[in-house]
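Engineer: Sharing run.csv, CSV, N, CA and C atoms:
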```csv
chain,number,residue,atom,x,y,z
A,437,ARG,N,119.3,-52.0,29.9
A,437,ARG,CA,120.3,-52.1,28.9
A,437,ARG,C,121.7,-52.0,29.5
A,438,GLU,N,121.8,-51.1,30.5
A,438,GLU,CA,123.0,-50.8,31.2
A,438,GLU,C,123.6,-52.1,31.9
A,439,LEU,N,122.7,-52.9,32.5
A,439,LEU,CA,123.1,-54.1,33.1
A,439,LEU,C,123.7,-55.1,32.1
A,440,VAL,N,123.1,-55.2,31.0
A,440,VAL,CA,123.6,-56.1,29.9
A,440,VAL,C,125.0,-55.6,29.5
A,441,ASP,N,125.1,-54.3,29.2
A,441,ASP,CA,126.4,-53.8,28.8
A,441,ASP,C,127.5,-54.0,29.9
A,442,ASP,N,127.2,-53.8,31.1
A,442,ASP,CA,128.1,-54.1,32.2
A,442,ASP,C,128.6,-55.5,32.2
A,443,TYR,N,127.6,-56.4,32.1
A,443,TYR,CA,128.0,-57.9,32.1
A,443,TYR,C,128.9,-58.2,30.9
A,444,LYS,N,128.6,-57.6,29.8
A,444,LYS,CA,129.4,-57.9,28.6
A,444,LYS,C,130.9,-57.4,28.8
A,445,LYS,N,131.0,-56.2,29.4
A,445,LYS,CA,132.4,-55.7,29.7
A,445,LYS,C,133.1,-56.6,30.7
A,446,VAL,N,132.4,-57.0,31.7
A,446,VAL,CA,133.1,-57.8,32.7
A,446,VAL,C,133.5,-59.2,32.1
A,447,LEU,N,132.6,-59.8,31.4
A,447,LEU,CA,132.9,-61.1,30.8
A,447,LEU,C,134.0,-61.0,29.8
A,448,ASP,N,134.1,-59.9,29.0
A,448,ASP,CA,135.2,-59.7,28.1
A,448,ASP,C,136.5,-59.7,28.8
A,449,THR,N,136.5,-59.0,29.9
A,449,THR,CA,137.8,-58.8,30.6
A,449,THR,C,138.2,-60.1,31.4
A,450,VAL,N,137.3,-60.9,31.8
A,450,VAL,CA,137.6,-62.1,32.7
A,450,VAL,C,137.5,-63.4,31.9
A,451,SER,N,137.3,-63.3,30.6
A,451,SER,CA,137.2,-64.5,29.8
A,451,SER,C,138.6,-65.2,29.8
A,452,SER,N,138.8,-66.1,30.7
A,452,SER,CA,140.1,-66.7,30.8
A,452,SER,C,140.2,-68.2,30.5
A,453,ALA,N,139.3,-68.6,29.6
A,453,ALA,CA,139.3,-70.1,29.3
A,453,ALA,C,140.6,-70.6,28.8
A,454,GLU,N,141.3,-69.8,28.0
A,454,GLU,CA,142.6,-70.2,27.4
A,454,GLU,C,143.6,-70.3,28.5
A,455,LEU,N,143.6,-69.3,29.5
A,455,LEU,CA,144.6,-69.3,30.6
A,455,LEU,C,144.3,-70.5,31.5
A,456,LEU,N,143.0,-70.8,31.7
A,456,LEU,CA,142.7,-72.0,32.5
A,456,LEU,C,143.2,-73.2,31.9
A,457,LYS,N,143.0,-73.3,30.6
A,457,LYS,CA,143.4,-74.5,29.9
A,457,LYS,C,144.9,-74.7,30.0
A,458,LYS,N,145.7,-73.6,29.8
A,458,LYS,CA,147.1,-73.6,29.9
A,458,LYS,C,147.5,-74.1,31.3
A,459,ALA,N,146.9,-73.5,32.3
A,459,ALA,CA,147.2,-73.9,33.7
A,459,ALA,C,146.9,-75.3,34.0
A,460,LEU,N,145.8,-75.8,33.4
A,460,LEU,CA,145.5,-77.3,33.6
A,460,LEU,C,146.6,-78.1,32.9
A,461,ASP,N,146.9,-77.7,31.7
A,461,ASP,CA,147.9,-78.5,30.9
A,461,ASP,C,149.3,-78.5,31.6
A,462,ASN,N,149.6,-77.4,32.2
A,462,ASN,CA,150.9,-77.3,32.9
A,462,ASN,C,150.9,-77.9,34.3
A,463,GLY,N,149.7,-78.4,34.8
A,463,GLY,CA,149.7,-79.0,36.1
A,463,GLY,C,149.6,-77.9,37.2
A,464,GLN,N,149.3,-76.7,36.9
A,464,GLN,CA,149.2,-75.6,37.9
A,464,GLN,C,147.9,-75.7,38.7
A,465,ILE,N,146.9,-76.2,38.0
A,465,ILE,CA,145.6,-76.4,38.7
A,465,ILE,C,145.1,-77.8,38.5
A,466,SER,N,144.2,-78.2,39.3
A,466,SER,CA,143.6,-79.6,39.2
A,466,SER,C,142.4,-79.5,38.2
A,467,LEU,N,142.0,-80.7,37.8
A,467,LEU,CA,140.9,-80.8,36.9
A,467,LEU,C,139.6,-80.2,37.6
A,468,LEU,N,139.5,-80.5,38.9
A,468,LEU,CA,138.3,-80.0,39.6
A,468,LEU,C,138.3,-78.5,39.7
A,469,SER,N,139.5,-77.9,39.9
A,469,SER,CA,139.5,-76.4,39.9
A,469,SER,C,139.2,-75.8,38.5
A,470,TYR,N,139.7,-76.5,37.5
A,470,TYR,CA,139.4,-76.1,36.1
A,470,TYR,C,137.9,-76.1,35.8
A,471,LEU,N,137.3,-77.2,36.2
A,471,LEU,CA,135.9,-77.3,35.9
A,471,LEU,C,135.0,-76.3,36.8
A,472,MET,N,135.5,-76.1,38.0
A,472,MET,CA,134.8,-75.1,38.8
A,472,MET,C,134.8,-73.7,38.3
A,473,GLU,N,136.0,-73.3,37.8
A,473,GLU,CA,136.2,-72.0,37.2
A,473,GLU,C,135.4,-71.9,36.0
A,474,LEU,N,135.4,-72.9,35.1
A,474,LEU,CA,134.6,-72.8,33.9
A,474,LEU,C,133.1,-72.7,34.3
A,475,SER,N,132.7,-73.5,35.3
A,475,SER,CA,131.3,-73.4,35.7
A,475,SER,C,130.9,-72.0,36.2
A,476,ILE,N,131.7,-71.4,36.9
A,476,ILE,CA,131.5,-70.0,37.4
A,476,ILE,C,131.3,-69.1,36.1
A,477,TYR,N,132.2,-69.2,35.2
A,477,TYR,CA,132.2,-68.4,34.0
A,477,TYR,C,130.9,-68.6,33.2
A,478,TYR,N,130.6,-69.9,33.0
A,478,TYR,CA,129.3,-70.1,32.2
A,478,TYR,C,128.1,-69.7,33.0
A,479,ASP,N,128.1,-69.8,34.3
A,479,ASP,CA,127.0,-69.2,35.1
A,479,ASP,C,126.8,-67.7,34.8
A,480,ALA,N,127.9,-67.0,34.7
A,480,ALA,CA,127.9,-65.6,34.4
A,480,ALA,C,127.4,-65.3,33.0
A,481,VAL,N,127.8,-66.2,32.1
A,481,VAL,CA,127.3,-66.1,30.7
A,481,VAL,C,125.8,-66.3,30.7
A,482,ASP,N,125.3,-67.3,31.4
A,482,ASP,CA,123.8,-67.5,31.5
A,482,ASP,C,123.1,-66.3,32.0
A,483,THR,N,123.7,-65.7,33.1
A,483,THR,CA,123.1,-64.5,33.7
A,483,THR,C,123.0,-63.4,32.6
A,484,LEU,N,124.1,-63.2,31.9
A,484,LEU,CA,124.1,-62.2,30.8
A,484,LEU,C,123.0,-62.5,29.8
A,485,LEU,N,122.9,-63.7,29.4
A,485,LEU,CA,121.9,-64.0,28.4
A,485,LEU,C,120.5,-63.8,28.9
A,486,GLU,N,120.2,-64.2,30.2
A,486,GLU,CA,118.9,-63.9,30.8
A,486,GLU,C,118.6,-62.4,30.8
A,487,ALA,N,119.6,-61.6,31.2
A,487,ALA,CA,119.4,-60.2,31.2
A,487,ALA,C,119.2,-59.6,29.9
A,488,GLU,N,119.9,-60.1,28.9
A,488,GLU,CA,119.6,-59.7,27.5
A,488,GLU,C,118.2,-60.1,27.0
A,489,ARG,N,117.8,-61.3,27.4
A,489,ARG,CA,116.5,-61.7,27.0
A,489,ARG,C,115.4,-60.8,27.7
A,490,SER,N,115.6,-60.5,28.9
A,490,SER,CA,114.6,-59.7,29.6
A,490,SER,C,114.6,-58.3,29.0
A,491,TYR,N,115.7,-57.8,28.7
A,491,TYR,CA,115.8,-56.5,28.1
A,491,TYR,C,115.1,-56.5,26.7
A,492,GLN,N,115.3,-57.5,25.9
A,492,GLN,CA,114.7,-57.5,24.6
A,492,GLN,C,113.2,-57.7,24.7
A,493,TYR,N,112.8,-58.5,25.7
A,493,TYR,CA,111.3,-58.7,25.9
A,493,TYR,C,110.7,-57.4,26.3
A,494,ALA,N,111.3,-56.7,27.2
A,494,ALA,CA,110.7,-55.4,27.7
A,494,ALA,C,110.7,-54.4,26.5
A,495,LEU,N,111.7,-54.4,25.7
A,495,LEU,CA,111.8,-53.5,24.6
A,495,LEU,C,110.7,-53.8,23.6
A,496,SER,N,110.4,-55.1,23.3
A,496,SER,CA,109.4,-55.5,22.4
A,496,SER,C,108.0,-55.1,23.0
A,497,GLU,N,107.8,-55.2,24.3
A,497,GLU,CA,106.6,-54.8,24.9
A,497,GLU,C,106.3,-53.3,24.7
A,498,LEU,N,107.4,-52.5,24.9
A,498,LEU,CA,107.2,-51.1,24.7
A,498,LEU,C,106.9,-50.7,23.3
A,499,LYS,N,107.6,-51.4,22.4
A,499,LYS,CA,107.4,-51.1,20.9
A,499,LYS,C,106.0,-51.5,20.5
A,500,GLN,N,105.4,-52.4,21.1
A,500,GLN,CA,104.1,-52.9,20.8
A,500,GLN,C,103.1,-51.7,20.9
A,501,TRP,N,103.3,-50.8,21.9
A,501,TRP,CA,102.4,-49.7,22.2
A,501,TRP,C,102.9,-48.4,21.6
A,502,GLU,N,103.9,-48.4,20.8
A,502,GLU,CA,104.5,-47.2,20.3
A,502,GLU,C,103.6,-46.4,19.3
A,503,ASN,N,102.9,-47.1,18.5
A,503,ASN,CA,102.1,-46.4,17.5
A,503,ASN,C,100.7,-46.3,18.0
```
Write the structure described by the file as structure tokens, please.
Structural biologist:
Amino acid sequence: RELVDDYKKVLDTVSSAELLKKALDNGQISLLSYLMELSIYYDAVDTLLEAERSYQYALSELKQWEN
């Protein structure tokens, strides 16, 4: 659970899709840089979701034997 919480905190602080869009619109970064940065962000989101899924699966396995 700690891993999931850590990922959520990090993603909340680095969620910069709006800033990336502004930078792209103002010509400060190229389309390629924009897409690469978004790709990195979404890879991190995928990792978070996988960790959350693993946590929920393990929790359900433990609860199965609770009674």
Engineer: From the DSSP assignment of the backbone, select every residue of chain A that is helix (DSSP H, G or I), and format the answer as a VMD selection string.
Structural biologist: chain A and resid 438 to 450 453 to 461 467 to 500
Engineer: Hey, what's within 8 Å of range 468-473 of chain A if we count only N, CA and C atoms and toss same-chain stuff fewer than 6 positions away? As an MDAnalysis selection string, please?
Structural biologist: chainID A and resid 453 456:457 459:460 479
Engineer: Looking at A:Gln464, A:Leu498, A:Arg489, A:Tyr477, which one is nearest to Val450 in chain A, with distances taken over only N, CA and C atoms?
Structural biologist: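 Result for the nearest residue to Val450 in chain A: A:Tyr477.
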Engineer: List the neighbours of Ala487 in chain A out to 9 Å using only C-alpha atoms; skip same-chain residues closer than 5 positions along the sequence, and give me the result as a ChimeraX atom specification.
Structural biologist: /A:437,439-440,443,482,492
Engineer: What does the distance from CA of Ser475 in chain A to CA of Asp442 in chain A come to in Å, to one decimal?
Structural biologist: 19.9 Å
Engineer: Could you give me range 461-479 of chain A completed to N, CA, C and O atoms, formatted as a PDB file, keeping the file's coordinate frame?
Structural biologist:
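Result written to result_33.pdb:
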```pdb
ATOM      1  N   ASP A 461     146.900 -77.700  31.700  1.00  0.00           N
ATOM      2  CA  ASP A 461     147.900 -78.500  30.900  1.00  0.00           C
ATOM      3  C   ASP A 461     149.300 -78.500  31.600  1.00  0.00           C
ATOM      4  O   ASP A 461     150.008 -79.493  31.479  1.00  0.00           O
ATOM      5  N   ASN A 462     149.600 -77.400  32.200  1.00  0.00           N
ATOM      6  CA  ASN A 462     150.900 -77.300  32.900  1.00  0.00           C
ATOM      7  C   ASN A 462     150.900 -77.900  34.300  1.00  0.00           C
ATOM      8  O   ASN A 462     151.900 -77.784  35.025  1.00  0.00           O
ATOM      9  N   GLY A 463     149.700 -78.400  34.800  1.00  0.00           N
ATOM     10  CA  GLY A 463     149.700 -79.000  36.100  1.00  0.00           C
ATOM     11  C   GLY A 463     149.600 -77.900  37.200  1.00  0.00           C
ATOM     12  O   GLY A 463     149.793 -78.277  38.373  1.00  0.00           O
ATOM     13  N   GLN A 464     149.300 -76.700  36.900  1.00  0.00           N
ATOM     14  CA  GLN A 464     149.200 -75.600  37.900  1.00  0.00           C
ATOM     15  C   GLN A 464     147.900 -75.700  38.700  1.00  0.00           C
ATOM     16  O   GLN A 464     147.816 -75.170  39.787  1.00  0.00           O
ATOM     17  N   ILE A 465     146.900 -76.200  38.000  1.00  0.00           N
ATOM     18  CA  ILE A 465     145.600 -76.400  38.700  1.00  0.00           C
ATOM     19  C   ILE A 465     145.100 -77.800  38.500  1.00  0.00           C
ATOM     20  O   ILE A 465     145.433 -78.427  37.487  1.00  0.00           O
ATOM     21  N   SER A 466     144.200 -78.200  39.300  1.00  0.00           N
ATOM     22  CA  SER A 466     143.600 -79.600  39.200  1.00  0.00           C
ATOM     23  C   SER A 466     142.400 -79.500  38.200  1.00  0.00           C
ATOM     24  O   SER A 466     141.891 -78.435  37.895  1.00  0.00           O
ATOM     25  N   LEU A 467     142.000 -80.700  37.800  1.00  0.00           N
ATOM     26  CA  LEU A 467     140.900 -80.800  36.900  1.00  0.00           C
ATOM     27  C   LEU A 467     139.600 -80.200  37.600  1.00  0.00           C
ATOM     28  O   LEU A 467     138.807 -79.517  36.967  1.00  0.00           O
ATOM     29  N   LEU A 468     139.500 -80.500  38.900  1.00  0.00           N
ATOM     30  CA  LEU A 468     138.300 -80.000  39.600  1.00  0.00           C
ATOM     31  C   LEU A 468     138.300 -78.500  39.700  1.00  0.00           C
ATOM     32  O   LEU A 468     137.280 -77.851  39.419  1.00  0.00           O
ATOM     33  N   SER A 469     139.500 -77.900  39.900  1.00  0.00           N
ATOM     34  CA  SER A 469     139.500 -76.400  39.900  1.00  0.00           C
ATOM     35  C   SER A 469     139.200 -75.800  38.500  1.00  0.00           C
ATOM     36  O   SER A 469     138.501 -74.823  38.390  1.00  0.00           O
ATOM     37  N   TYR A 470     139.700 -76.500  37.500  1.00  0.00           N
ATOM     38  CA  TYR A 470     139.400 -76.100  36.100  1.00  0.00           C
ATOM     39  C   TYR A 470     137.900 -76.100  35.800  1.00  0.00           C
ATOM     40  O   TYR A 470     137.364 -75.114  35.316  1.00  0.00           O
ATOM     41  N   LEU A 471     137.300 -77.200  36.200  1.00  0.00           N
ATOM     42  CA  LEU A 471     135.900 -77.300  35.900  1.00  0.00           C
ATOM     43  C   LEU A 471     135.000 -76.300  36.800  1.00  0.00           C
ATOM     44  O   LEU A 471     134.050 -75.780  36.280  1.00  0.00           O
ATOM     45  N   MET A 472     135.500 -76.100  38.000  1.00  0.00           N
ATOM     46  CA  MET A 472     134.800 -75.100  38.800  1.00  0.00           C
ATOM     47  C   MET A 472     134.800 -73.700  38.300  1.00  0.00           C
ATOM     48  O   MET A 472     133.853 -72.996  38.220  1.00  0.00           O
ATOM     49  N   GLU A 473     136.000 -73.300  37.800  1.00  0.00           N
ATOM     50  CA  GLU A 473     136.200 -72.000  37.200  1.00  0.00           C
ATOM     51  C   GLU A 473     135.400 -71.900  36.000  1.00  0.00           C
ATOM     52  O   GLU A 473     134.771 -70.804  35.730  1.00  0.00           O
ATOM     53  N   LEU A 474     135.400 -72.900  35.100  1.00  0.00           N
ATOM     54  CA  LEU A 474     134.600 -72.800  33.900  1.00  0.00           C
ATOM     55  C   LEU A 474     133.100 -72.700  34.300  1.00  0.00           C
ATOM     56  O   LEU A 474     132.319 -72.026  33.599  1.00  0.00           O
ATOM     57  N   SER A 475     132.700 -73.500  35.300  1.00  0.00           N
ATOM     58  CA  SER A 475     131.300 -73.400  35.700  1.00  0.00           C
ATOM     59  C   SER A 475     130.900 -72.000  36.200  1.00  0.00           C
ATOM     60  O   SER A 475     129.789 -71.545  35.792  1.00  0.00           O
ATOM     61  N   ILE A 476     131.700 -71.400  36.900  1.00  0.00           N
ATOM     62  CA  ILE A 476     131.500 -70.000  37.400  1.00  0.00           C
ATOM     63  C   ILE A 476     131.300 -69.100  36.100  1.00  0.00           C
ATOM     64  O   ILE A 476     130.429 -68.253  36.067  1.00  0.00           O
ATOM     65  N   TYR A 477     132.200 -69.200  35.200  1.00  0.00           N
ATOM     66  CA  TYR A 477     132.200 -68.400  34.000  1.00  0.00           C
ATOM     67  C   TYR A 477     130.900 -68.600  33.200  1.00  0.00           C
ATOM     68  O   TYR A 477     130.261 -67.650  32.816  1.00  0.00           O
ATOM     69  N   TYR A 478     130.600 -69.900  33.000  1.00  0.00           N
ATOM     70  CA  TYR A 478     129.300 -70.100  32.200  1.00  0.00           C
ATOM     71  C   TYR A 478     128.100 -69.700  33.000  1.00  0.00           C
ATOM     72  O   TYR A 478     127.066 -69.386  32.348  1.00  0.00           O
ATOM     73  N   ASP A 479     128.100 -69.800  34.300  1.00  0.00           N
ATOM     74  CA  ASP A 479     127.000 -69.200  35.100  1.00  0.00           C
ATOM     75  C   ASP A 479     126.800 -67.700  34.800  1.00  0.00           C
ATOM     76  O   ASP A 479     125.680 -67.217  34.656  1.00  0.00           O
TER      77      ASP A 479
END
```
